[in-house]
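What follows is my_file_38.txt (compact mmCIF, C-alpha atoms).
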```
# COMPACT_ATOMS: atom_id res chain seq x y z
CA MET A 1 0.00 0.00 0.00
CA SER A 2 1.36 3.38 -0.98
CA ARG A 3 1.64 5.78 1.95
CA GLY A 4 1.74 8.76 -0.36
CA ARG A 5 -1.82 8.34 -1.67
CA LYS A 6 -4.85 9.38 0.30
CA GLN A 7 -6.65 6.32 1.62
CA ILE A 8 -10.35 5.72 1.03
CA HIS A 9 -12.73 4.89 3.88
CA LEU A 10 -15.76 2.73 3.07
CA ALA A 11 -18.95 1.92 4.96
CA ALA A 12 -22.11 0.00 4.09
CA HIS A 13 -25.64 1.32 4.56
CA PHE A 14 -28.32 -1.33 5.01
CA PRO A 15 -30.98 -0.35 2.44
CA GLY A 16 -34.70 -0.22 2.95
CA VAL A 17 -35.73 3.05 4.61
CA ASN A 18 -35.94 4.94 1.34
CA SER A 19 -37.64 4.72 -2.02
CA THR A 20 -34.42 3.75 -3.80
CA THR A 21 -34.62 0.12 -2.65
CA VAL A 22 -36.03 -2.11 -5.40
CA TRP A 23 -38.30 -4.51 -3.54
CA ALA A 24 -39.82 -5.93 -6.74
CA ASP A 25 -36.51 -7.40 -7.87
CA PRO A 26 -36.53 -11.23 -7.51
CA ARG A 27 -33.17 -10.98 -5.72
CA SER A 28 -34.59 -8.71 -3.03
CA GLY A 29 -34.91 -10.36 0.37
CA SER A 30 -36.36 -9.56 3.77
CA GLN A 31 -35.59 -6.33 5.60
CA ILE A 32 -36.65 -7.97 8.90
CA ASP A 33 -34.95 -11.38 9.01
CA PHE A 34 -31.62 -11.35 10.82
CA SER A 35 -30.10 -13.30 7.94
CA SER A 36 -30.39 -10.19 5.75
CA PHE A 37 -28.48 -8.02 8.21
CA GLU A 38 -25.90 -10.76 8.66
CA HIS A 39 -25.40 -11.18 4.89
CA LEU A 40 -24.70 -7.49 4.26
CA ALA A 41 -22.51 -7.14 7.37
CA ARG A 42 -20.41 -10.17 6.50
CA THR A 43 -20.03 -8.88 2.94
CA ALA A 44 -18.87 -5.49 4.24
CA GLU A 45 -16.38 -7.13 6.58
CA ARG A 46 -15.09 -9.34 3.77
CA GLY A 47 -14.54 -6.11 1.86
CA LEU A 48 -12.59 -4.65 4.84
CA PHE A 49 -15.10 -1.80 5.27
CA ASP A 50 -14.85 0.53 8.24
CA PHE A 51 -18.42 0.13 9.44
CA PHE A 52 -21.97 -1.08 8.84
CA PHE A 53 -24.61 1.65 9.09
CA LEU A 54 -28.26 1.36 10.12
CA ALA A 55 -30.73 4.17 9.57
CA GLU A 56 -33.88 4.31 11.65
CA GLY A 57 -37.26 6.00 11.66
CA LEU A 58 -39.37 6.47 14.76
CA ARG A 59 -42.79 6.50 13.13
CA LEU A 60 -44.22 5.03 9.97
CA ARG A 61 -44.69 7.82 7.47
CA GLU A 62 -48.19 8.56 6.22
CA HIS A 63 -49.44 9.57 2.82
CA ALA A 64 -53.00 10.83 2.49
CA GLY A 65 -53.80 9.47 5.94
CA ARG A 66 -52.49 5.96 5.22
CA ILE A 67 -49.16 4.29 5.93
CA HIS A 68 -46.81 5.15 3.08
CA ASP A 69 -46.71 2.03 0.87
CA LEU A 70 -42.97 2.38 0.27
CA ASP A 71 -42.03 2.67 3.94
CA VAL A 72 -40.38 -0.10 5.92
CA VAL A 73 -42.78 -1.90 8.25
CA GLY A 74 -41.36 -4.10 10.99
CA ARG A 75 -37.70 -3.03 10.91
CA PRO A 76 -36.12 -4.08 14.23
CA GLU A 77 -34.57 -1.45 16.51
CA SER A 78 -31.02 -0.55 15.44
CA ILE A 79 -28.92 -1.15 18.56
CA THR A 80 -30.63 -4.52 19.11
CA VAL A 81 -29.67 -5.60 15.58
CA LEU A 82 -26.09 -4.40 16.02
CA ASN A 83 -25.70 -6.26 19.32
CA ALA A 84 -26.59 -9.44 17.42
CA LEU A 85 -24.21 -8.57 14.57
CA ALA A 86 -21.38 -8.12 17.07
CA ALA A 87 -21.46 -11.88 17.58
CA VAL A 88 -21.09 -12.75 13.88
CA THR A 89 -18.46 -10.16 12.89
CA ASP A 90 -14.94 -9.53 14.19
CA ARG A 91 -13.63 -6.17 12.95
CA LEU A 92 -16.50 -4.34 11.25
CA GLY A 93 -17.70 -1.16 12.96
CA LEU A 94 -21.37 -1.10 13.96
CA ALA A 95 -23.19 2.24 13.65
CA ALA A 96 -26.72 2.88 14.95
CA THR A 97 -28.89 5.89 14.15
CA VAL A 98 -30.51 7.12 17.37
CA ASN A 99 -32.55 10.31 17.70
CA ALA A 100 -31.33 12.89 20.25
CA THR A 101 -34.74 14.58 20.38
CA PHE A 102 -36.68 11.58 21.64
CA ASN A 103 -34.20 9.77 23.93
CA GLU A 104 -32.43 10.50 27.21
CA PRO A 105 -28.62 10.75 27.63
CA TYR A 106 -28.18 8.28 30.50
CA GLU A 107 -30.09 5.44 28.87
CA LEU A 108 -28.51 5.92 25.45
CA ALA A 109 -25.00 6.26 26.87
CA ARG A 110 -25.51 2.94 28.67
CA ARG A 111 -26.80 1.14 25.57
CA LEU A 112 -23.99 2.41 23.32
CA ALA A 113 -21.28 1.67 25.89
CA SER A 114 -22.69 -1.84 26.20
CA LEU A 115 -22.51 -2.31 22.42
CA ASP A 116 -18.93 -1.08 22.46
CA HIS A 117 -18.03 -3.69 25.09
CA LEU A 118 -19.89 -6.51 23.34
CA SER A 119 -18.18 -5.69 20.03
CA ALA A 120 -14.70 -5.07 21.55
CA GLY A 121 -14.62 -1.42 20.51
CA ARG A 122 -16.64 -1.21 17.29
CA ALA A 123 -19.68 0.90 18.25
CA ALA A 124 -20.78 4.17 16.64
CA TRP A 125 -23.72 6.51 17.14
CA ASN A 126 -25.26 8.44 14.26
CA VAL A 127 -26.79 11.49 15.97
CA VAL A 128 -29.99 12.74 14.36
CA THR A 129 -32.63 15.23 15.47
CA SER A 130 -36.26 15.95 14.69
CA SER A 131 -38.59 18.91 15.00
CA ASP A 132 -41.48 16.87 13.63
CA ALA A 133 -44.54 16.95 15.94
CA PHE A 134 -46.05 14.03 13.97
CA THR A 135 -43.17 11.79 15.06
CA GLY A 136 -43.28 13.29 18.55
CA GLU A 137 -46.82 12.01 19.07
CA ASN A 138 -45.27 8.58 19.71
CA PHE A 139 -43.54 9.93 22.81
CA ARG A 140 -44.80 11.05 26.20
CA ARG A 141 -43.30 14.53 25.85
CA GLY A 142 -45.08 15.33 22.62
CA GLY A 143 -41.88 16.23 20.89
CA TYR A 144 -42.24 19.41 18.90
CA LEU A 145 -39.01 21.42 18.96
CA ASP A 146 -38.12 24.47 16.91
CA ARG A 147 -35.22 23.90 14.53
CA ALA A 148 -32.74 25.88 16.65
CA ASP A 149 -33.85 24.14 19.83
CA ARG A 150 -33.35 20.65 18.44
CA TYR A 151 -29.69 21.36 17.71
CA ALA A 152 -29.26 22.98 21.14
CA ARG A 153 -30.71 19.84 22.71
CA ALA A 154 -28.55 17.58 20.54
CA ALA A 155 -25.34 19.46 21.44
CA GLU A 156 -26.07 19.28 25.16
CA PHE A 157 -27.27 15.68 24.80
CA LEU A 158 -23.96 14.64 23.22
CA GLY A 159 -21.99 16.58 25.81
CA VAL A 160 -23.82 14.79 28.64
CA VAL A 161 -23.31 11.38 27.02
CA ARG A 162 -19.58 12.05 26.79
CA GLU A 163 -19.52 13.18 30.42
CA LEU A 164 -21.05 9.84 31.38
CA TRP A 165 -18.60 7.85 29.25
CA ASP A 166 -15.68 9.83 30.72
CA SER A 167 -16.88 9.36 34.30
CA TRP A 168 -14.89 6.13 34.16
CA PRO A 169 -11.27 7.23 33.62
CA PRO A 170 -8.92 4.81 31.78
CA GLY A 171 -8.11 1.98 34.17
CA GLY A 172 -9.72 3.78 37.10
CA GLU A 173 -12.76 3.64 39.33
CA PRO A 174 -16.02 5.41 38.40
CA ARG A 175 -16.56 9.01 39.42
CA SER A 176 -19.99 10.38 40.23
CA PHE A 177 -21.41 12.76 37.64
CA ALA A 178 -23.58 15.84 37.94
CA HIS A 179 -24.85 17.86 35.00
CA SER A 180 -27.12 20.87 35.11
CA GLY A 181 -28.05 22.64 31.86
CA PRO A 182 -30.98 24.08 29.90
CA GLN A 183 -32.01 20.66 28.57
CA PHE A 184 -30.87 18.14 31.19
CA ARG A 185 -30.32 18.03 34.92
CA ILE A 186 -29.02 14.65 36.08
CA GLU A 187 -26.59 13.21 38.62
CA GLY A 188 -25.47 9.81 39.84
CA GLU A 189 -22.98 7.13 38.79
CA PHE A 190 -22.61 5.52 35.39
CA PRO A 191 -22.73 1.68 35.63
CA VAL A 192 -20.74 0.70 32.52
CA PRO A 193 -16.91 0.81 32.68
CA ARG A 194 -14.94 2.74 30.08
CA SER A 195 -15.41 1.03 26.74
CA PRO A 196 -12.63 -0.54 24.64
CA GLN A 197 -12.23 2.47 22.30
CA GLY A 198 -12.69 5.03 25.07
CA GLN A 199 -15.86 6.40 23.52
CA PRO A 200 -18.01 5.10 20.67
CA VAL A 201 -17.49 6.95 17.39
CA VAL A 202 -19.96 9.80 16.81
CA ILE A 203 -21.47 10.25 13.34
CA GLN A 204 -23.57 13.25 12.36
CA ALA A 205 -25.91 13.58 9.39
CA GLY A 206 -26.88 17.04 8.30
CA ASP A 207 -26.04 19.54 5.57
CA SER A 208 -27.60 22.71 7.03
CA ALA A 209 -25.53 25.53 8.53
CA GLU A 210 -26.47 24.31 12.01
CA GLY A 211 -25.59 20.75 11.09
CA ARG A 212 -22.20 21.74 9.69
CA GLU A 213 -21.31 23.65 12.84
CA PHE A 214 -22.49 20.81 15.05
CA ALA A 215 -20.38 18.36 13.05
CA ALA A 216 -17.27 20.54 13.29
CA SER A 217 -17.69 20.92 17.04
CA ALA A 218 -18.53 17.37 18.01
CA ALA A 219 -18.61 14.64 15.32
CA ASP A 220 -16.00 12.08 14.27
CA VAL A 221 -17.71 11.32 10.93
CA VAL A 222 -20.13 13.33 8.78
CA PHE A 223 -22.71 11.48 6.68
CA THR A 224 -23.56 13.90 3.86
CA ARG A 225 -25.52 13.78 0.62
CA HIS A 226 -23.09 15.64 -1.64
CA SER A 227 -22.32 13.23 -4.46
CA THR A 228 -20.94 15.54 -7.15
CA LEU A 229 -17.29 16.54 -7.17
CA GLU A 230 -17.98 20.28 -7.06
CA ALA A 231 -20.56 20.12 -4.26
CA GLY A 232 -18.39 17.69 -2.33
CA ARG A 233 -15.33 19.95 -2.47
CA GLU A 234 -17.34 22.96 -1.29
CA PHE A 235 -18.83 21.03 1.63
CA TYR A 236 -15.49 19.45 2.52
CA ALA A 237 -13.64 22.77 2.60
CA ASP A 238 -16.42 24.48 4.55
CA VAL A 239 -16.73 21.88 7.30
CA LYS A 240 -13.02 21.18 7.63
CA GLY A 241 -12.43 24.95 7.79
CA ARG A 242 -14.65 25.18 10.87
CA LEU A 243 -12.58 22.69 12.88
CA THR A 244 -9.85 25.07 14.07
CA ARG A 245 -12.24 27.13 16.17
CA TYR A 246 -12.83 24.00 18.25
CA GLY A 247 -9.16 23.09 18.56
CA ARG A 248 -9.46 20.26 16.07
CA GLY A 249 -7.46 19.27 13.00
CA PRO A 250 -8.57 18.01 9.56
CA GLY A 251 -7.87 14.40 10.51
CA ASP A 252 -10.24 14.57 13.50
CA LEU A 253 -13.31 14.49 11.26
CA LYS A 254 -14.01 12.15 8.34
CA ILE A 255 -16.46 13.28 5.65
CA MET A 256 -18.28 10.36 4.01
CA PRO A 257 -21.15 11.08 1.60
CA GLY A 258 -23.82 8.48 1.06
CA VAL A 259 -23.54 7.26 -2.53
CA THR A 260 -24.97 4.66 -4.87
CA TYR A 261 -23.33 2.82 -7.74
CA VAL A 262 -24.11 0.61 -10.73
CA LEU A 263 -21.53 -1.71 -12.26
CA GLY A 264 -21.49 -3.21 -15.76
CA ASP A 265 -19.19 -5.16 -18.05
CA SER A 266 -18.53 -1.85 -19.79
CA ASP A 267 -19.43 1.79 -19.16
CA ALA A 268 -22.23 1.57 -21.73
CA ASP A 269 -23.59 -1.58 -20.12
CA ALA A 270 -23.55 0.10 -16.71
CA GLN A 271 -25.40 3.14 -18.05
CA GLU A 272 -28.07 0.87 -19.50
CA ARG A 273 -28.43 -0.97 -16.19
CA ALA A 274 -28.60 2.32 -14.31
CA ALA A 275 -31.50 3.48 -16.49
CA GLU A 276 -33.34 0.21 -15.86
CA ILE A 277 -32.82 0.51 -12.10
CA ARG A 278 -34.11 4.09 -12.09
CA LEU A 279 -37.32 2.91 -13.77
CA GLN A 280 -37.66 0.20 -11.13
CA GLN A 281 -37.12 2.75 -8.38
CA VAL A 282 -39.53 5.26 -9.89
CA SER A 283 -42.49 3.02 -10.63
CA PRO A 284 -45.72 4.66 -11.86
CA GLN A 285 -47.04 4.57 -8.29
CA ASN A 286 -43.80 5.98 -6.90
CA ALA A 287 -43.84 8.78 -9.48
CA ILE A 288 -47.28 9.97 -8.35
CA LEU A 289 -46.29 9.73 -4.69
CA ALA A 290 -43.17 11.80 -5.38
CA LEU A 291 -45.28 14.36 -7.20
CA GLU A 292 -47.82 14.51 -4.34
CA ARG A 293 -44.99 15.19 -1.89
CA ILE A 294 -44.18 18.38 -3.85
CA TRP A 295 -47.73 19.44 -4.70
CA GLY A 296 -49.30 18.46 -1.36
CA ARG A 297 -52.44 17.42 -3.23
CA ASP A 298 -54.17 14.18 -4.17
CA LEU A 299 -52.91 13.55 -7.71
CA SER A 300 -54.00 9.91 -7.96
CA GLY A 301 -56.17 10.76 -10.97
CA TYR A 302 -53.19 11.87 -13.05
CA ASP A 303 -51.50 9.60 -15.59
CA PRO A 304 -47.82 8.94 -14.66
CA ASP A 305 -47.07 8.93 -18.38
CA GLY A 306 -48.90 12.20 -18.91
CA PRO A 307 -47.97 15.86 -18.32
CA LEU A 308 -47.40 17.52 -14.94
CA PRO A 309 -50.39 19.15 -13.19
CA ASP A 310 -51.16 22.73 -14.19
CA ILE A 311 -52.31 23.57 -10.64
CA ASP A 312 -49.97 25.04 -8.01
CA PRO A 313 -48.79 23.15 -4.89
CA ASP A 314 -50.49 23.65 -1.53
CA PRO A 315 -47.66 24.93 0.71
CA ASP A 316 -49.68 24.29 3.90
CA SER A 317 -50.59 20.70 3.03
CA THR A 318 -50.51 17.89 5.60
CA LEU A 319 -51.01 15.19 2.97
CA VAL A 320 -47.56 13.73 3.71
CA GLN A 321 -46.56 13.15 7.34
CA GLY A 322 -43.24 12.05 8.79
CA ARG A 323 -41.04 13.10 5.86
CA VAL A 324 -38.84 16.17 5.56
CA ARG A 325 -40.94 19.04 4.22
CA VAL A 326 -40.03 20.56 0.88
CA ALA A 327 -38.83 24.10 1.66
CA ASP A 328 -40.23 25.82 -1.43
CA PRO A 329 -42.79 23.56 -3.16
CA VAL A 330 -44.00 26.31 -5.50
CA GLY A 331 -40.44 27.00 -6.66
CA VAL A 332 -39.71 23.29 -7.09
CA ALA A 333 -42.89 22.81 -9.11
CA ARG A 334 -41.93 25.73 -11.34
CA LYS A 335 -38.53 24.15 -12.05
CA TRP A 336 -40.06 20.75 -12.73
CA ARG A 337 -42.57 22.26 -15.19
CA ALA A 338 -39.81 24.13 -17.03
CA LEU A 339 -37.74 20.95 -17.33
CA SER A 340 -40.74 18.89 -18.41
CA GLU A 341 -41.73 21.38 -21.09
CA ALA A 342 -38.18 21.85 -22.37
CA LYS A 343 -37.54 18.11 -22.74
CA GLY A 344 -41.08 16.88 -23.34
CA LEU A 345 -41.04 14.71 -20.19
CA SER A 346 -43.96 12.92 -18.58
CA ILE A 347 -44.57 12.90 -14.83
CA ARG A 348 -42.59 9.69 -14.39
CA GLN A 349 -39.75 10.85 -16.62
CA THR A 350 -39.57 14.16 -14.75
CA VAL A 351 -39.30 12.39 -11.39
CA VAL A 352 -36.58 10.13 -12.80
CA GLU A 353 -34.74 13.18 -14.09
CA THR A 354 -35.00 15.30 -10.93
CA THR A 355 -34.72 12.88 -8.01
CA GLY A 356 -31.74 10.91 -6.72
CA ARG A 357 -29.77 8.94 -9.23
CA GLN A 358 -26.75 6.66 -9.06
CA SER A 359 -23.60 8.47 -7.98
CA PHE A 360 -21.04 6.23 -9.69
CA VAL A 361 -21.87 4.31 -12.88
CA GLY A 362 -19.47 2.35 -15.04
CA SER A 363 -17.23 -0.65 -15.29
CA PRO A 364 -15.45 -1.66 -12.06
CA ALA A 365 -12.30 0.10 -13.31
CA THR A 366 -14.23 3.30 -14.09
CA VAL A 367 -15.94 3.33 -10.69
CA ALA A 368 -12.67 2.64 -8.83
CA ALA A 369 -10.97 5.51 -10.65
CA ALA A 370 -13.88 7.87 -9.93
CA LEU A 371 -13.87 7.02 -6.22
CA GLU A 372 -10.14 7.67 -6.01
CA GLU A 373 -10.50 10.96 -7.88
CA PHE A 374 -13.23 12.12 -5.51
CA VAL A 375 -11.12 11.46 -2.41
CA ALA A 376 -7.85 12.74 -3.91
CA ALA A 377 -9.60 16.02 -4.80
CA ASP A 378 -10.69 16.52 -1.17
CA ALA A 379 -14.36 16.12 -1.97
CA ALA A 380 -14.61 13.33 0.63
CA ASP A 381 -12.59 11.08 2.90
CA GLY A 382 -14.61 8.05 1.87
CA PHE A 383 -18.12 6.83 1.10
CA ILE A 384 -21.13 5.20 2.72
CA LEU A 385 -22.43 2.89 0.00
CA VAL A 386 -26.22 2.58 -0.28
CA PRO A 387 -27.11 -0.49 -2.40
CA HIS A 388 -30.46 -0.72 -4.14
CA LEU A 389 -30.96 -4.39 -3.20
CA THR A 390 -31.40 -6.08 0.18
CA PRO A 391 -29.29 -7.92 1.21
CA GLY A 392 -27.00 -8.80 -1.73
CA GLY A 393 -26.59 -5.35 -3.21
CA LEU A 394 -23.01 -4.94 -1.99
CA ASP A 395 -21.68 -8.25 -3.28
CA ASP A 396 -20.53 -7.08 -6.71
CA PHE A 397 -18.75 -4.02 -5.31
CA VAL A 398 -16.73 -6.10 -2.84
CA GLU A 399 -15.88 -8.69 -5.49
CA GLN A 400 -15.06 -6.32 -8.36
CA VAL A 401 -14.19 -2.82 -7.12
CA VAL A 402 -12.42 -3.39 -3.80
CA PRO A 403 -9.57 -5.41 -5.43
CA LEU A 404 -9.00 -2.58 -7.90
CA LEU A 405 -8.84 0.02 -5.11
CA GLN A 406 -6.30 -2.19 -3.36
CA GLU A 407 -4.23 -2.46 -6.55
CA ARG A 408 -4.26 1.35 -6.76
CA GLY A 409 -2.87 1.52 -3.23
CA VAL A 410 -5.79 3.57 -1.89
CA PHE A 411 -7.56 0.94 0.21
CA ARG A 412 -6.40 -1.44 2.93
CA THR A 413 -5.54 -5.06 2.17
CA GLU A 414 -6.16 -6.11 5.76
CA TYR A 415 -7.46 -4.67 9.01
CA THR A 416 -4.52 -3.33 11.02
CA GLY A 417 -6.50 -2.52 14.16
CA THR A 418 -9.39 -3.95 16.11
CA THR A 419 -11.52 -0.89 16.90
CA LEU A 420 -13.59 1.37 14.68
CA ARG A 421 -11.44 4.33 15.74
CA SER A 422 -8.37 2.54 14.46
CA HIS A 423 -10.08 1.80 11.12
CA LEU A 424 -10.94 5.48 10.72
CA GLY A 425 -7.54 6.74 11.90
CA LEU A 426 -9.11 8.68 14.78
CA ALA A 427 -7.20 9.56 17.93
CA ASP A 428 -7.93 7.76 21.19
CA PRO A 429 -10.30 9.98 23.22
CA ALA A 430 -8.83 8.79 26.52
CA GLY A 431 -8.14 11.74 28.80
CA LYS A 432 -10.35 14.17 26.86
CA GLY A 433 -13.08 16.09 28.55
CA GLY A 434 -16.72 15.19 28.28
CA THR A 435 -18.08 18.16 26.35
CA PRO A 436 -17.84 18.59 22.58
```
Starting from the coordinates I provided, produce the structure as structure tokens.
Amino acid sequence: MSRGRKQIHLAAHFPGVNSTTVWADPRSGSQIDFSSFEHLARTAERGLFDFFFLAEGLRLREHAGRIHDLDVVGRPESITVLNALAAVTDRLGLAATVNATFNEPYELARRLASLDHLSAGRAAWNVVTSSDAFTGENFRRGGYLDRADRYARAAEFLGVVRELWDSWPPGGEPRSFAHSGPQFRIEGEFPVPRSPQGQPVVIQAGDSAEGREFAASAADVVFTRHSTLEAGREFYADVKGRLTRYGRGPGDLKIMPGVTYVLGDSDADAQERAAEIRLQQVSPQNAILALERIWGRDLSGYDPDGPLPDIDPDPDSTLVQGRVRVADPVGVARKWRALSEAKGLSIRQTVVETTGRQSFVGSPATVAAALEEFVAADAADGFILVPHLTPGGLDDFVEQVVPLLQERGVFRTEYTGTTLRSHLGLADPAGKGGTP
């Protein structure tokens, strides 16, 4: 392995909580059976990935008052799944998404520290927040928080969790803790000894100004959506540039966008496969649902192969619940109409054209080269791969692309450490204070 070339970090996202998963494919399996989680995790570990990543929703989304047909029903709770995966993997990091708005620091710190012990130092927490009152109805507190307040709560939440983890010094006896702040007032003793990697790795997902600042102040890894070279470089420079004000260096934070890929025997073959997958992802039903999310109106009477509606969106609509609201639906609709008219696109074709598409498409050699270019250009430190199939969607990447990255000298040929921090090249947090 060449030490002069920037190394690529890789992680695997278990698919299913988004509309990009192709459930109709005959190769698609269960998103509930443990065997599916085990298959993808073992594949990621065979590929020497840094970690396995589980997203999580706290309420089934609704569309027109009914459970959204494309949502995941029955997905087990993330940390429970990862505790089970700790027993069937040896080196792979295990990352759980847990909401800081609807949990409490003591209980979550205990659960994550337990996972870190059970996995011998491979635990990670993806910190997310929510200001969605619809989701909050599932919880005793109600749960509506203004946008600024949810980040204030998350920052204090993370600080308290780290205080609890640090209340056991390396090799020492536990110290009592006492925290009093705007969001939390707790005291006592933490029951779980210091974990094998000192503290679980903290991942943060968010591209807003608040999210970028939160990441720079507190996160070890950023999960972002920037999948173009130009957008990635801007985000990378912006977030890394914020680190110095918190006494941190560029290596203290890894930026890993979530990306998709399609491989083929040739670049042309891959492009053809990518087009077929997009049509599977954007079925006629899915196209209308995507349109209704923008318009906020019942559009079930429209033909997916016909033109876009000539009516304006309802910006105050509650047709869709539990999904991130579109900031400017009228503006988005205007752009979609202009594109549709300019290219003569139907509703379905417009959705295909405007919504998420595969990030890297080509032969294995083309994709390997593109991944290296992205990281070498400081547009990312690595990638969280989001396959479109459960659970075998990562198999071809591990078999065909990973060996090429290794030949290029930009990806490990073996694990050199045992903890997730060692995989990511992060410093040991031992001796650091508890606040971000």
>> When you look at Glu77 in chain A with a cut-off of 10 Å (counting only C-alpha atoms), what residues show up, excluding the ones that are within fewer than 4 positions of it in the same chain? I need them as a ChimeraX atom specification.
In response: /A:54-58,81-82,96-98
> Do you know which residues are at most 9 Å from Glu234 in chain A counting all atoms listed in the file, after dropping those on the same chain fewer than 5 positions away, and could you put them as an MDAnalysis selection string?
Replying inline: chainID A and resid 229 239 379
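Counting all atoms listed in the file, the residue from A:Pro387, A:Gly198, A:Gly264, A:Gly241 that sits nearest to Arg162 in chain A is A:Gly198.
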>> Env of Ala377 in chain A: 9 Å cut, atoms = all atoms listed in the file, seq-sep filter 3 positions within chain, self excluded. Answer as a VMD selection string.
In response: chain A and resid 229 233 372 to 374 380
Written selection (C-alpha atoms) as an mmCIF file, in the frame of the given file:
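To be explicit, this is the file written out as result35.cif:
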```
data_model
loop_
_atom_site.group_PDB
_atom_site.id
_atom_site.type_symbol
_atom_site.label_atom_id
_atom_site.label_comp_id
_atom_site.auth_asym_id
_atom_site.auth_seq_id
_atom_site.Cartn_x
_atom_site.Cartn_y
_atom_site.Cartn_z
ATOM 1 C CA LEU A 229 -17.290 16.540 -7.170
ATOM 2 C CA ARG A 233 -15.330 19.950 -2.470
ATOM 3 C CA GLU A 372 -10.140 7.670 -6.010
ATOM 4 C CA GLU A 373 -10.500 10.960 -7.880
ATOM 5 C CA PHE A 374 -13.230 12.120 -5.510
ATOM 6 C CA ALA A 380 -14.610 13.330 0.630
#
```
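Note that CA of His13 in chain A and CA of Leu40 in chain A are 8.9 Å apart.
With only C-alpha atoms as the atoms that count, the minimum distance from Arg27 in chain A to the choices A:Ala113, A:Val320, A:Leu389, A:Ala11 is reached by A:Leu389.
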> Which neighbours of Pro76 in chain A fall inside 9 Å, counting all atoms listed in the file, when residues of the same chain fewer than 3 positions from it are skipped, and could you give them as JSON, numbers by chain?
Replying inline: {"A": [31, 32, 79, 80, 81]}
Quick one: residues within 10 Å of Arg212 in chain A, only C-alpha atoms, excluding same-chain residues fewer than 2 positions away - as a PDB file with C-alpha atoms, keeping the file's coordinate frame?
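Writing the result to around.pdb gives the following:
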```
ATOM      1  CA  GLN A 204     -23.570  13.250  12.360  1.00  0.00           C
ATOM      2  CA  ALA A 205     -25.910  13.580   9.390  1.00  0.00           C
ATOM      3  CA  GLY A 206     -26.880  17.040   8.300  1.00  0.00           C
ATOM      4  CA  ASP A 207     -26.040  19.540   5.570  1.00  0.00           C
ATOM      5  CA  SER A 208     -27.600  22.710   7.030  1.00  0.00           C
ATOM      6  CA  ALA A 209     -25.530  25.530   8.530  1.00  0.00           C
ATOM      7  CA  GLU A 210     -26.470  24.310  12.010  1.00  0.00           C
ATOM      8  CA  PHE A 214     -22.490  20.810  15.050  1.00  0.00           C
ATOM      9  CA  ALA A 215     -20.380  18.360  13.050  1.00  0.00           C
ATOM     10  CA  ALA A 216     -17.270  20.540  13.290  1.00  0.00           C
ATOM     11  CA  SER A 217     -17.690  20.920  17.040  1.00  0.00           C
ATOM     12  CA  ALA A 219     -18.610  14.640  15.320  1.00  0.00           C
ATOM     13  CA  VAL A 222     -20.130  13.330   8.780  1.00  0.00           C
ATOM     14  CA  THR A 224     -23.560  13.900   3.860  1.00  0.00           C
ATOM     15  CA  PHE A 235     -18.830  21.030   1.630  1.00  0.00           C
ATOM     16  CA  ASP A 238     -16.420  24.480   4.550  1.00  0.00           C
ATOM     17  CA  VAL A 239     -16.730  21.880   7.300  1.00  0.00           C
ATOM     18  CA  LYS A 240     -13.020  21.180   7.630  1.00  0.00           C
ATOM     19  CA  ARG A 242     -14.650  25.180  10.870  1.00  0.00           C
TER      20      ARG A 242
END
```
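Our summary of the geometry notes that CA of Arg110 in chain A is positioned 28.8 Å from CA of Phe383 in chain A.
The smallest atom-to-atom distance between Phe52 in chain A and any of A:Leu253, A:Leu158, A:Ala133, A:Leu420, using only C-alpha atoms, is found for A:Leu420.
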> Between A:Glu173, A:Glu107, A:Arg75, A:Asn99, which one has atoms that come closest to Asp33 in chain A, using all atoms listed in the file?
Replying inline: A:Arg75
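Here CA of Gly159 in chain A is placed at a distance of 17.1 Å from CA of Leu243 in chain A.
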> With only C-alpha atoms as the basis for distance, which of A:Lys335, A:Arg297, A:His9, A:Arg111 is at the shortest distance from Ile311 in chain A?
Replying inline: A:Arg297
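Counting only C-alpha atoms and comparing A:Ala231, A:Leu394, A:Val128, A:Val326, the residue that lies closest to Arg46 in chain A is A:Leu394.
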As JSON, what would the box around range 33-52 of chain A look like: edges along x, y and z, 8 Å added on every side, centre and edge lengths in Å to one decimal?
```
{"center_x": -23.8, "center_y": -6.4, "center_z": 6.3, "size_x": 38.4, "size_y": 29.8, "size_z": 25.0}
```
> Within 12 Å of (-39.1, -9.2, 4.6), all atoms listed in the file: residues as number ranges by chain?
Replying inline: A: 16, 23-24, 28-37, 72-76, 390-391
Produce a table with one row for each residue of range 99-157 of chain A that has an atom at most 10 Å from any atom of range 183-191 of chain A, each row naming the nearest atom pair and its distance in Å at one decimal; use all atoms listed in the file; arrange rows by chain and rising residue number; format as a tab-separated table.
```
residue	atom	partner	partner_atom	distance
A:Glu104	CA	A:Phe184	CA	8.8
A:Pro105	CA	A:Phe184	CA	8.5
A:Tyr106	CA	A:Phe190	CA	7.9
A:Glu107	CA	A:Phe190	CA	9.9
A:Ala109	CA	A:Phe190	CA	8.9
A:Arg110	CA	A:Pro191	CA	7.6
A:Ala113	CA	A:Pro191	CA	9.8
A:Asp149	CA	A:Gln183	CA	9.6
A:Ala152	CA	A:Gln183	CA	8.3
A:Arg153	CA	A:Gln183	CA	6.1
A:Ala154	CA	A:Gln183	CA	9.3
A:Ala155	CA	A:Gln183	CA	9.8
A:Glu156	CA	A:Gln183	CA	7.0
A:Phe157	CA	A:Phe184	CA	7.7
```
